[in-house]
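Coordinates as given in model_13.cif (mmCIF, C-alpha atoms and all ligand atoms):
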data_work
#
loop_
_atom_site.label_atom_id
_atom_site.label_comp_id
_atom_site.auth_asym_id
_atom_site.auth_seq_id
_atom_site.Cartn_x
_atom_site.Cartn_y
_atom_site.Cartn_z
CA MET A 1 0.00 0.00 0.00
CA ASN A 2 1.60 3.28 -1.12
CA GLU A 3 1.14 6.82 0.22
CA SER A 4 -1.70 7.53 -2.18
CA CYS A 5 -3.54 4.41 -0.95
CA LYS A 6 -3.00 5.37 2.69
CA GLU A 7 -4.37 8.83 2.06
CA THR A 8 -7.38 7.42 0.23
CA ARG A 9 -8.15 4.82 2.93
CA GLU A 10 -8.60 7.67 5.41
CA LEU A 11 -11.34 9.09 3.18
CA LEU A 12 -13.16 5.87 2.27
CA PRO A 13 -15.43 5.57 5.35
CA GLU A 14 -16.91 9.02 4.70
CA LEU A 15 -17.10 8.33 0.98
CA ALA A 16 -19.02 5.08 1.64
CA LEU A 17 -21.44 7.00 3.85
CA GLY A 18 -21.97 9.55 1.07
CA ILE A 19 -20.89 12.48 3.24
CA LEU A 20 -17.55 13.33 1.64
CA GLY A 21 -17.66 16.50 -0.41
CA GLY A 22 -15.79 18.61 -2.88
CA GLU A 23 -12.08 18.36 -3.24
CA GLU A 24 -11.56 15.34 -0.96
CA ARG A 25 -14.19 13.42 -2.86
CA ALA A 26 -12.58 14.25 -6.21
CA ARG A 27 -9.18 13.21 -4.86
CA ALA A 28 -10.55 9.87 -3.64
CA PHE A 29 -12.26 9.11 -6.95
CA ASP A 30 -9.13 10.01 -8.84
CA HIS A 31 -7.23 7.37 -6.88
CA LEU A 32 -10.06 4.83 -7.10
CA THR A 33 -10.04 4.86 -10.91
CA ARG A 34 -6.46 3.63 -10.67
CA CYS A 35 -6.56 1.27 -7.67
CA ALA A 36 -8.49 -1.99 -7.55
CA ASP A 37 -7.58 -2.65 -3.90
CA CYS A 38 -9.00 0.61 -2.64
CA SER A 39 -12.07 0.12 -4.87
CA SER A 40 -12.84 -3.22 -3.25
CA GLU A 41 -12.28 -1.67 0.19
CA LEU A 42 -14.84 0.98 -0.75
CA ALA A 43 -17.27 -1.74 -1.84
CA ALA A 44 -16.92 -3.48 1.55
CA LEU A 45 -17.46 -0.23 3.44
CA SER A 46 -20.45 0.67 1.27
CA ARG A 47 -22.03 -2.69 2.00
CA ALA A 48 -21.77 -1.89 5.71
CA ALA A 49 -23.02 1.69 5.34
CA ASP A 50 -25.99 0.77 3.12
CA GLY A 51 -26.76 -2.36 5.15
CA LEU A 52 -27.35 -0.22 8.24
CA LEU A 53 -30.48 1.27 6.70
CA ILE A 54 -32.41 -1.93 7.16
CA LEU A 55 -32.11 -1.48 10.92
CA ALA A 56 -34.42 1.54 10.84
CA PRO A 57 -37.76 0.88 12.54
CA GLN A 58 -40.61 -0.07 10.22
CA ASP A 59 -43.74 2.02 10.27
CA GLU A 60 -47.25 1.74 8.80
CA PRO A 61 -47.82 4.42 6.14
CA PRO A 62 -51.00 6.58 6.35
CA ALA A 63 -54.30 5.04 5.17
CA GLY A 64 -54.68 4.96 1.38
CA PHE A 65 -50.94 4.95 0.72
CA GLU A 66 -51.04 1.85 -1.45
CA ASP A 67 -53.78 3.30 -3.69
CA ARG A 68 -51.96 6.59 -4.06
CA VAL A 69 -48.75 4.85 -5.11
CA LEU A 70 -50.62 2.61 -7.57
CA ALA A 71 -52.38 5.63 -9.09
CA ARG A 72 -49.03 7.28 -9.53
CA LEU A 73 -47.48 4.21 -11.17
CA ARG A 74 -50.44 3.99 -13.53
CA ARG A 75 -49.84 7.58 -14.64
CA GLU A 76 -46.20 6.84 -15.32
CA ARG A 77 -46.88 3.61 -17.12
CA PRO A 78 -47.09 4.72 -20.77
CA LYS A 79 -43.49 5.95 -20.66
CA HIS A 80 -42.43 2.72 -19.07
CA ARG A 81 -44.05 0.63 -21.75
CA ALA A 82 -42.69 2.55 -24.73
CA ARG A 83 -39.32 0.98 -24.11
CA ARG A 84 -40.67 -2.43 -24.99
CA LEU A 85 -42.08 -1.48 -28.37
CA MET A 86 -38.81 -1.13 -30.21
CA THR A 87 -38.60 -3.25 -33.30
CA PHE A 88 -35.84 -5.58 -34.28
CA ALA A 89 -35.41 -3.71 -37.53
CA ALA A 90 -34.78 -0.40 -35.81
CA ALA A 91 -32.12 -1.94 -33.59
CA ALA A 92 -30.47 -3.69 -36.51
CA ALA A 93 -30.27 -0.42 -38.41
CA LEU A 94 -28.66 1.21 -35.42
CA ILE A 95 -26.04 -1.52 -35.23
CA ALA A 96 -25.25 -1.23 -38.90
CA ILE A 97 -24.46 2.44 -38.44
CA VAL A 98 -22.29 2.01 -35.37
CA ALA A 99 -20.52 -1.15 -36.45
CA GLY A 100 -19.70 0.60 -39.72
CA GLY A 101 -17.37 2.82 -37.73
CA ALA A 102 -19.36 6.01 -37.97
CA VAL A 103 -19.88 8.25 -34.98
CA TRP A 104 -23.52 7.92 -34.21
CA VAL A 105 -25.51 10.67 -32.60
CA GLY A 106 -28.96 9.45 -31.72
CA THR A 107 -32.26 11.20 -31.40
CA SER A 108 -34.12 11.10 -28.12
CA GLN A 109 -36.39 8.42 -29.53
CA ASP A 110 -33.40 6.23 -30.36
CA ARG A 111 -32.07 6.46 -26.86
CA ARG A 112 -34.78 4.22 -25.55
CA PHE A 113 -33.42 1.30 -27.53
CA GLY A 114 -30.63 0.49 -25.11
CA SER A 115 -31.43 -2.90 -23.70
CA TYR A 116 -32.73 -4.35 -26.95
CA TYR A 117 -29.74 -3.08 -28.77
CA GLN A 118 -27.52 -4.89 -26.32
CA ARG A 119 -29.41 -8.12 -26.63
CA ILE A 120 -29.41 -8.15 -30.40
CA LEU A 121 -25.77 -7.19 -30.65
CA ALA A 122 -24.94 -9.96 -28.23
CA ILE A 123 -26.58 -12.46 -30.53
CA GLN A 124 -24.91 -11.12 -33.64
CA HIS A 125 -21.40 -10.64 -32.41
CA GLY A 126 -21.04 -13.05 -29.53
CA THR A 127 -18.08 -12.29 -27.34
CA GLU A 128 -17.01 -9.03 -28.96
CA LEU A 129 -19.84 -7.00 -27.55
CA ALA A 130 -20.27 -5.99 -23.94
CA ALA A 131 -22.62 -3.66 -22.14
CA ALA A 132 -22.70 -1.72 -18.90
CA GLN A 133 -25.67 -0.23 -17.08
CA LEU A 134 -24.51 3.13 -15.85
CA GLU A 135 -25.71 4.31 -12.49
CA THR A 136 -25.35 7.40 -10.40
CA THR A 137 -23.41 7.36 -7.14
CA ASP A 138 -26.75 6.99 -5.35
CA HIS A 139 -27.50 3.83 -7.32
CA LEU A 140 -30.07 5.22 -9.74
CA ALA A 141 -30.07 4.16 -13.38
CA GLY A 142 -28.36 6.81 -15.45
CA GLY A 143 -27.67 5.33 -18.86
CA GLU A 144 -25.92 2.59 -20.74
CA ALA A 145 -22.57 1.96 -22.38
CA PHE A 146 -21.76 -0.54 -25.10
CA THR A 147 -18.28 -1.64 -26.05
CA TYR A 148 -17.34 -3.54 -29.15
CA GLN A 149 -14.02 -5.31 -29.69
CA GLY A 150 -13.30 -5.48 -33.40
CA ARG A 151 -11.85 -3.62 -36.35
CA PRO A 152 -12.37 -0.94 -35.47
CA SER A 153 -13.29 -1.21 -31.82
CA TRP A 154 -15.89 1.26 -30.67
CA LEU A 155 -17.70 2.57 -27.69
CA PHE A 156 -21.17 4.01 -27.40
CA VAL A 157 -22.49 5.78 -24.32
CA VAL A 158 -26.02 7.03 -23.63
CA VAL A 159 -26.71 9.13 -20.55
CA THR A 160 -30.12 9.93 -19.11
CA ALA A 161 -29.43 11.30 -15.65
CA PRO A 162 -30.20 14.54 -13.82
CA VAL A 163 -26.65 15.91 -13.91
CA GLY A 164 -25.56 19.46 -14.69
CA ASP A 165 -25.15 20.61 -18.29
CA GLY A 166 -21.60 20.37 -19.58
CA VAL A 167 -18.91 18.22 -21.08
CA TYR A 168 -17.86 15.11 -19.17
CA ASP A 169 -15.01 12.69 -19.72
CA ILE A 170 -15.69 9.06 -20.51
CA VAL A 171 -13.10 6.98 -18.72
CA GLY A 172 -12.55 3.24 -19.01
CA THR A 173 -10.75 1.09 -16.45
CA VAL A 174 -8.25 -1.30 -18.05
CA HIS A 175 -6.53 -3.60 -15.53
CA GLY A 176 -7.05 -1.00 -12.81
CA THR A 177 -5.75 1.88 -14.92
CA ALA A 178 -7.95 4.73 -16.05
CA VAL A 179 -7.95 5.40 -19.80
CA ARG A 180 -9.75 8.39 -21.24
CA LEU A 181 -11.93 7.17 -24.09
CA GLY A 182 -13.90 10.23 -25.12
CA ALA A 183 -16.02 13.12 -23.99
CA ILE A 184 -19.78 13.48 -23.80
CA ARG A 185 -21.89 16.61 -23.77
CA ILE A 186 -24.84 16.37 -21.41
CA ALA A 187 -27.67 18.86 -21.69
CA HIS A 188 -30.98 18.73 -19.83
CA GLY A 189 -29.99 15.39 -18.34
CA ARG A 190 -29.38 13.75 -21.70
CA GLY A 191 -26.41 13.03 -23.88
CA ASP A 192 -24.80 10.42 -26.04
CA TRP A 193 -21.45 9.79 -27.57
CA GLY A 194 -20.12 7.14 -29.87
CA GLY A 195 -16.81 6.66 -31.58
CA THR A 196 -14.08 4.30 -32.59
CA THR A 197 -11.10 3.79 -30.32
CA SER A 198 -7.67 2.17 -30.34
CA THR A 199 -8.15 0.98 -26.73
CA GLU A 200 -8.73 -2.76 -26.44
CA MET A 201 -12.42 -2.82 -25.54
CA LYS A 202 -12.42 -6.39 -24.26
CA SER A 203 -10.02 -5.28 -21.50
CA VAL A 204 -12.24 -2.46 -20.30
CA ASP A 205 -13.98 -3.61 -17.13
CA GLU A 206 -15.62 -0.41 -16.00
CA ILE A 207 -16.92 2.72 -17.67
CA ARG A 208 -17.09 5.98 -15.76
CA VAL A 209 -18.49 9.36 -16.64
CA VAL A 210 -16.42 11.95 -14.81
CA ALA A 211 -16.96 15.72 -14.49
CA ARG A 212 -14.09 18.01 -15.38
CA THR A 213 -13.70 18.68 -11.64
CA GLY A 214 -12.81 15.02 -11.24
CA GLN A 215 -16.11 14.16 -9.62
CA LEU A 216 -17.54 10.77 -10.57
CA VAL A 217 -21.01 11.17 -12.02
CA LEU A 218 -21.92 7.75 -13.42
CA HIS A 219 -20.27 4.39 -13.47
CA GLY A 220 -21.03 0.84 -14.51
CA VAL A 221 -19.31 -2.53 -14.67
CA VAL A 222 -18.88 -3.86 -18.20
CA HIS A 223 -20.35 -7.32 -18.51
CA HIS A 224 -18.23 -9.22 -20.99
CA ASN A 225 -19.74 -12.45 -22.23
CA MET B 1 -47.28 -13.94 -4.91
CA TRP B 2 -46.06 -13.40 -1.35
CA SER B 3 -43.66 -16.32 -1.45
CA VAL B 4 -41.69 -15.18 -4.50
CA SER B 5 -38.25 -13.73 -3.87
CA ASP B 6 -37.66 -9.99 -3.71
CA GLU B 7 -35.62 -10.27 -6.89
CA ALA B 8 -38.38 -12.08 -8.79
CA LEU B 9 -40.89 -9.51 -7.60
CA LEU B 10 -38.69 -6.72 -8.86
CA ALA B 11 -38.34 -8.50 -12.20
CA GLY B 12 -42.14 -8.68 -12.35
CA LEU B 13 -42.24 -4.97 -11.63
CA ALA B 14 -39.80 -4.32 -14.47
CA SER B 15 -42.03 -6.25 -16.85
CA GLY B 16 -44.97 -4.03 -15.90
CA GLU B 17 -47.25 -6.58 -14.25
CA SER B 18 -49.75 -4.80 -12.02
CA ASP B 19 -50.03 -7.71 -9.54
CA ALA B 20 -46.32 -7.43 -9.07
CA ALA B 21 -46.68 -3.71 -8.35
CA VAL B 22 -49.25 -4.33 -5.60
CA ALA B 23 -47.19 -7.10 -4.02
CA PHE B 24 -44.05 -5.01 -4.26
CA ILE B 25 -45.65 -2.02 -2.53
CA ARG B 26 -47.09 -4.21 0.23
CA ARG B 27 -43.81 -5.92 0.84
CA PHE B 28 -41.65 -2.83 1.14
CA GLN B 29 -43.89 0.06 2.14
CA ARG B 30 -43.40 -0.31 5.90
CA ARG B 31 -39.61 -0.36 5.56
CA VAL B 32 -39.45 2.52 3.10
CA TYR B 33 -41.94 4.67 4.97
CA GLY B 34 -40.37 3.74 8.32
CA LEU B 35 -36.94 4.87 7.20
CA ALA B 36 -38.34 8.12 5.76
CA MET B 37 -40.22 8.76 9.03
CA THR B 38 -37.09 8.10 11.08
CA ILE B 39 -35.17 10.68 9.08
CA LEU B 40 -37.90 13.29 8.56
CA ASN B 41 -40.20 12.85 11.58
CA ASP B 42 -43.07 14.27 9.50
CA SER B 43 -45.70 11.94 8.06
CA ALA B 44 -46.61 14.02 4.98
CA ALA B 45 -42.95 14.50 4.00
CA ALA B 46 -42.23 10.83 4.72
CA GLU B 47 -45.11 9.73 2.50
CA ASP B 48 -43.79 11.91 -0.34
CA VAL B 49 -40.41 10.27 -0.02
CA ALA B 50 -41.86 6.76 0.22
CA GLN B 51 -44.04 7.33 -2.87
CA GLU B 52 -41.15 8.72 -4.86
CA THR B 53 -38.92 5.81 -3.79
CA LEU B 54 -41.43 3.19 -4.96
CA ALA B 55 -42.06 5.11 -8.20
CA ARG B 56 -38.34 5.23 -8.92
CA ALA B 57 -38.03 1.51 -8.21
CA TRP B 58 -40.83 1.02 -10.72
CA ARG B 59 -39.10 3.15 -13.34
CA HIS B 60 -35.65 1.69 -12.76
CA ALA B 61 -36.44 -1.92 -11.79
CA GLY B 62 -34.56 -3.11 -14.86
CA ALA B 63 -31.37 -1.49 -13.61
CA TYR B 64 -31.28 -3.34 -10.29
CA ASP B 65 -28.16 -5.49 -10.04
CA PRO B 66 -28.49 -8.35 -7.49
CA ARG B 67 -24.71 -8.52 -7.04
CA ARG B 68 -24.85 -5.07 -5.47
CA GLY B 69 -26.96 -6.25 -2.54
CA PRO B 70 -30.53 -7.16 -1.54
CA VAL B 71 -33.53 -5.39 -3.08
CA ALA B 72 -34.48 -3.93 0.31
CA THR B 73 -31.08 -2.27 0.65
CA TRP B 74 -31.28 -0.82 -2.86
CA LEU B 75 -34.71 0.64 -2.10
CA LEU B 76 -33.62 2.01 1.24
CA THR B 77 -30.57 3.79 -0.20
CA ILE B 78 -32.92 5.53 -2.64
CA ALA B 79 -35.30 6.44 0.20
CA ARG B 80 -32.47 7.71 2.40
CA ASN B 81 -31.06 9.95 -0.34
CA LEU B 82 -34.49 11.42 -1.08
CA ALA B 83 -35.21 11.94 2.62
CA ILE B 84 -31.87 13.68 3.19
CA ASP B 85 -32.59 15.97 0.23
CA ALA B 86 -35.98 16.81 1.77
CA LEU B 87 -34.37 17.39 5.15
CA ARG B 88 -31.82 19.79 3.68
CA LEU B 89 -34.53 21.73 1.85
CA ARG B 90 -36.60 22.04 4.97
CA ARG B 91 -34.04 23.33 7.41
CA ALA B 92 -31.14 25.71 7.19
CA ASP B 93 -29.66 23.88 10.14
CA PRO B 94 -29.88 20.13 9.51
CA VAL B 95 -29.15 19.23 13.13
CA ASP B 96 -32.44 17.87 14.45
CA PRO B 97 -32.99 17.06 18.12
CA THR B 98 -35.50 14.35 17.17
CA ALA B 99 -32.65 12.62 15.33
CA LEU B 100 -31.06 11.68 18.60
CA ALA B 101 -34.30 10.23 19.93
CA SER B 102 -34.73 8.16 16.78
CA LEU B 103 -31.22 6.80 17.11
CA GLN B 104 -32.21 5.05 20.28
CA ARG B 105 -35.07 3.35 18.43
CA ILE B 106 -32.73 2.22 15.68
CA SER B 107 -30.41 0.47 18.07
CA ALA B 108 -33.21 -0.97 20.20
CA GLU B 109 -35.84 -2.25 17.79
CA ALA B 110 -34.30 -4.56 15.19
CA GLY B 111 -34.10 -7.91 16.94
CA PRO B 112 -32.80 -11.34 15.93
CA GLU B 113 -36.27 -12.31 14.65
CA GLU B 114 -35.56 -9.95 11.76
CA ARG B 115 -32.69 -12.13 10.66
CA ALA B 116 -34.75 -14.35 8.40
CA VAL B 117 -36.21 -11.35 6.60
CA VAL B 118 -33.19 -9.14 6.11
CA GLY B 119 -30.30 -11.58 5.98
CA ASP B 120 -27.11 -12.07 7.95
CA ASP B 121 -25.62 -8.67 7.16
CA ALA B 122 -28.36 -6.91 9.12
CA HIS B 123 -27.88 -9.16 12.12
CA ARG B 124 -24.10 -8.68 12.11
CA LEU B 125 -24.39 -4.95 11.62
CA HIS B 126 -26.92 -4.66 14.41
CA GLU B 127 -24.61 -6.51 16.81
CA ALA B 128 -21.66 -4.39 15.72
CA LEU B 129 -23.67 -1.18 16.08
CA ARG B 130 -24.76 -2.12 19.59
CA ALA B 131 -21.17 -2.93 20.58
CA LEU B 132 -19.92 0.53 19.52
CA PRO B 133 -19.09 3.14 22.16
CA GLU B 134 -22.00 5.58 22.45
CA ASP B 135 -20.13 8.53 20.88
CA GLN B 136 -19.07 6.49 17.84
CA ARG B 137 -22.56 5.08 17.37
CA ARG B 138 -24.10 8.54 17.43
CA ALA B 139 -21.59 9.89 14.91
CA LEU B 140 -22.16 6.92 12.63
CA VAL B 141 -25.95 7.11 12.70
CA LEU B 142 -25.95 10.86 12.14
CA ALA B 143 -23.82 10.25 9.04
CA ALA B 144 -25.47 7.09 7.69
CA PHE B 145 -29.12 8.06 8.25
CA TYR B 146 -29.16 11.84 8.36
CA GLY B 147 -26.38 12.49 5.87
CA GLN B 148 -24.50 14.75 8.27
CA THR B 149 -20.94 15.51 7.28
CA ALA B 150 -18.02 15.21 9.70
CA ARG B 151 -18.05 18.99 10.01
CA GLU B 152 -21.76 19.07 10.93
CA ILE B 153 -21.29 16.25 13.43
CA GLY B 154 -18.37 18.14 14.95
CA GLU B 155 -20.57 21.21 15.36
CA SER B 156 -23.61 19.40 16.77
CA GLU B 157 -21.52 17.24 19.10
CA ASN B 158 -19.28 20.15 20.07
CA ILE B 159 -16.08 18.30 19.16
CA PRO B 160 -13.21 19.15 16.77
CA LEU B 161 -13.55 18.09 13.12
CA GLY B 162 -10.66 15.64 13.52
CA THR B 163 -12.43 13.90 16.41
CA ALA B 164 -15.66 13.60 14.40
CA LYS B 165 -13.74 12.04 11.51
CA THR B 166 -11.97 9.64 13.87
CA ARG B 167 -15.28 8.51 15.41
CA ILE B 168 -16.87 7.92 12.01
CA ARG B 169 -13.83 6.05 10.75
CA ALA B 170 -13.49 3.87 13.85
CA ALA B 171 -17.19 2.95 13.72
CA MET B 172 -17.11 2.11 10.01
CA ILE B 173 -14.02 -0.06 10.37
CA LYS B 174 -15.73 -2.09 13.11
CA LEU B 175 -18.90 -2.52 11.05
CA ARG B 176 -16.96 -3.53 7.98
CA GLY B 177 -14.98 -5.97 10.14
CA SER B 178 -18.17 -7.63 11.38
CA LEU B 179 -19.16 -8.44 7.78
CA GLN B 180 -15.66 -9.64 6.96
CA MET B 181 -15.86 -12.09 9.87
CA GLU B 182 -19.07 -13.48 8.47
CA ASP B 183 -17.46 -14.03 5.06
CA ASP B 184 -14.47 -15.75 6.65
CA GLU B 185 -16.74 -18.11 8.58
CA ARG B 186 -18.60 -18.99 5.43
CA GLU B 187 -15.40 -19.95 3.68
CA LEU B 188 -14.31 -22.35 6.47
ZN ZN C 301 -5.15 2.36 -3.43
#

Now that the file is in, can you turn its structure into structure tokens?
Amino acid sequence: MNESCKETRELLPELALGILGGEERARAFDHLTRCADCSSELAALSRAADGLLILAPQDEPPAGFEDRVLARLRRERPKHRARRLMTFAAAAALIAIVAGGAVWVGTSQDRRFGSYYQRILAIQHGTELAAAQLETTDHLAGGEAFTYQGRPSWLFVVVTAPVGDGVYDIVGTVHGTAVRLGAIRIAHGRGDWGGTTSTEMKSVDEIRVVARTGQLVLHGVVHHN
Amino acid sequence: MWSVSDEALLAGLASGESDAAVAFIRRFQRRVYGLAMTILNDSAAAEDVAQETLARAWRHAGAYDPRRGPVATWLLTIARNLAIDALRLRRADPVDPTALASLQRISAEAGPEERAVVGDDAHRLHEALRALPEDQRRALVLAAFYGQTAREIGESENIPLGTAKTRIRAAMIKLRGSLQMEDDEREL
């Protein structure tokens, strides 16, 4: 364990509890993108911090709670369902564009295709394709990333998360080392970026979206087949 | 429906089955609302948080990753974050005297009978929490449940920042150690 690790370990308990702010937080994340040991220490501490919540006393919600939640879910349902209506043809067309090496910039409609896209690509290309669900640091879904190992290799990232407008770095972790893969512009909580890369995509095991301040915004483990 | 696993129920939720939604709400509402009440101590605000938590679970059920931990924990982290946001909006000074009263309930109520429902982690963490010195336990709960920073804990406890950080760190290391022990036993 080097000096940088020692310094980071001091910060990890507060980071796991979600109470570390600003510069210290950025410094910790900077180290974590490069250090697998400290990352697994953070995972262990987070398990303890999050696990505590289940010890809170249970309480009966006010009368009618269940109906009010159901009514709310019903209102939100159409949006939820739209995701399932994507056609095979639309996804295949999308793949043709990206696999052809072009930089693809999708419309908002196209962004809903994520999980189907992944499934179909997985069938077509077997082991070369991998996907990552991106989530925010408070564990909410925030987008998807797809990596393709081939000639050329490419990466495609879609973000739908309530983060500030601006340009963010896309960083991949290759054997514990952070590699900058591209940059994504996020506006009104949405953004996408796709491009070819010389980085070996099959070695990328995590994708992170990082603000220019160094603050981690989204991250996801890449599931290689 | 009641006997299906939390994970299967969530998968049902992701597929948009309305029976799954009802069962899901019934299974988790007391935990989610209870946590929100503990943090906010206001039933209208706690209901808002609980509703939003369940709605987010509904929207994002497909993103749940079982390797990250149990469904209940995932839901409760969402509820905690929303409740802390609400708390910060409501008060300029987030130090709440009712927090301290609630802490005592947290360490007193969850008994071993809960073990079957919430898994071994909860049991271990509860034991470890109870074994902590009072000052460390208070610092930890203020951080974990109420989102107070080391600086805020230092101010409310009237101790230097360094001492607050030391208490939080010592408590977290003991809690983490209690889970490690469990893993080691399992391997033997
Ligand atoms: Zn390290």

What residues of the protein or nucleic acid chains come within 9 Å of ligand ZN 301 (chain C) when you use all atoms listed in the file? Reply as an MDAnalysis selection string.
chainID A and resid 1:9 31:32 34:39 41

Residue neighbourhood Val32 in chain B, 8 Å, all atoms listed in the file, exclusion window fewer than 2 positions, as a CSV table (one decimal) with C-alpha atoms, in the frame of the given file:
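The result, stored in part37.csv:
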chain,number,residue,atom,x,y,z
A,58,GLN,CA,-40.6,-0.1,10.2
B,28,PHE,CA,-41.6,-2.8,1.1
B,29,GLN,CA,-43.9,0.1,2.1
B,30,ARG,CA,-43.4,-0.3,5.9
B,34,GLY,CA,-40.4,3.7,8.3
B,35,LEU,CA,-36.9,4.9,7.2
B,36,ALA,CA,-38.3,8.1,5.8
B,50,ALA,CA,-41.9,6.8,0.2
B,53,THR,CA,-38.9,5.8,-3.8
B,75,LEU,CA,-34.7,0.6,-2.1
B,76,LEU,CA,-33.6,2.0,1.2
B,79,ALA,CA,-35.3,6.4,0.2

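Picture a line from CA of Trp193 in chain A to CA of Ala26 in chain A; it runs 23.6 Å.
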
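Note that CA of Val69 in chain A and CA of Gly18 in chain A are 27.9 Å apart.
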
Which residues of chain A come within 7 Å of chain B, and for each one, what is the closest pair of atoms and their distance in Å to one decimal, counting all atoms listed in the file, sorted by chain and residue number, as a tab-separated table?
residue	atom	partner	partner_atom	distance
A:Pro13	CA	B:Arg169	CA	5.7
A:Leu17	CA	B:Ala144	CA	5.6
A:Ile19	CA	B:Thr149	CA	5.1
A:Leu20	CA	B:Thr149	CA	6.9
A:Ala44	CA	B:Arg176	CA	6.4
A:Leu45	CA	B:Arg176	CA	5.6
A:Ala48	CA	B:Arg176	CA	5.6
A:Ala49	CA	B:Ala144	CA	6.4
A:Asp50	CA	B:Thr77	CA	6.4
A:Gly51	CA	B:Thr73	CA	6.2
A:Leu52	CA	B:Leu125	CA	6.5
A:Leu53	CA	B:Leu76	CA	6.3
A:Ile54	CA	B:Thr73	CA	6.7
A:Leu55	CA	B:Ala110	CA	5.7
A:Ala56	CA	B:Ile106	CA	5.2
A:Pro57	CA	B:Gly34	CA	5.7
A:Gln58	CA	B:Gly34	CA	4.3
A:Asp59	CA	B:Gly34	CA	4.3
A:Glu60	CA	B:Arg30	CA	5.2
A:Pro61	CA	B:Tyr33	CA	6.0
A:Glu66	CA	B:Ile25	CA	6.7
A:Val69	CA	B:Gln51	CA	5.8
A:Leu73	CA	B:Ala55	CA	6.2
A:His80	CA	B:Arg59	CA	6.6
A:Gln133	CA	B:Ala63	CA	6.8
A:Asp138	CA	B:Ile78	CA	6.9
A:Ala141	CA	B:Ala63	CA	5.8

Since we have the selection now, will you write its residues out, keeping C-alpha atoms, as a compact mmCIF listing (two decimals), keeping the file's coordinate frame?
# COMPACT_ATOMS: atom_id res chain seq x y z
CA PRO A 13 -15.43 5.57 5.35
CA LEU A 17 -21.44 7.00 3.85
CA ILE A 19 -20.89 12.48 3.24
CA LEU A 20 -17.55 13.33 1.64
CA ALA A 44 -16.92 -3.48 1.55
CA LEU A 45 -17.46 -0.23 3.44
CA ALA A 48 -21.77 -1.89 5.71
CA ALA A 49 -23.02 1.69 5.34
CA ASP A 50 -25.99 0.77 3.12
CA GLY A 51 -26.76 -2.36 5.15
CA LEU A 52 -27.35 -0.22 8.24
CA LEU A 53 -30.48 1.27 6.70
CA ILE A 54 -32.41 -1.93 7.16
CA LEU A 55 -32.11 -1.48 10.92
CA ALA A 56 -34.42 1.54 10.84
CA PRO A 57 -37.76 0.88 12.54
CA GLN A 58 -40.61 -0.07 10.22
CA ASP A 59 -43.74 2.02 10.27
CA GLU A 60 -47.25 1.74 8.80
CA PRO A 61 -47.82 4.42 6.14
CA GLU A 66 -51.04 1.85 -1.45
CA VAL A 69 -48.75 4.85 -5.11
CA LEU A 73 -47.48 4.21 -11.17
CA HIS A 80 -42.43 2.72 -19.07
CA GLN A 133 -25.67 -0.23 -17.08
CA ASP A 138 -26.75 6.99 -5.35
CA ALA A 141 -30.07 4.16 -13.38

Rounded to one decimal, what separation in Å do you get between CA of Gly182 in chain A and CA of Ile170 in chain A?
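Separation of CA of Gly182 in chain A and CA of Ile170 in chain A: 5.1 Å.
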
My list of candidates is A:Leu15, A:Val171, A:Val163, A:Met201. Which is closest to Ala187 in chain A when distances are computed with only C-alpha atoms?
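Checking each candidate against Ala187 in chain A, we get A:Val163 as the closest.
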
Do you know which residues are at most 9 Å from Arg185 in chain A counting only C-alpha atoms, after dropping those on the same chain fewer than 4 positions away, and could you put them as a ChimeraX atom specification?
/A:165-169,190-193

Contacts of Gly22 in chain A at 10 Å (all atoms listed in the file; same-chain gap of 4+ positions) as a VMD selection string
chain A and resid 26 to 27 213 to 215
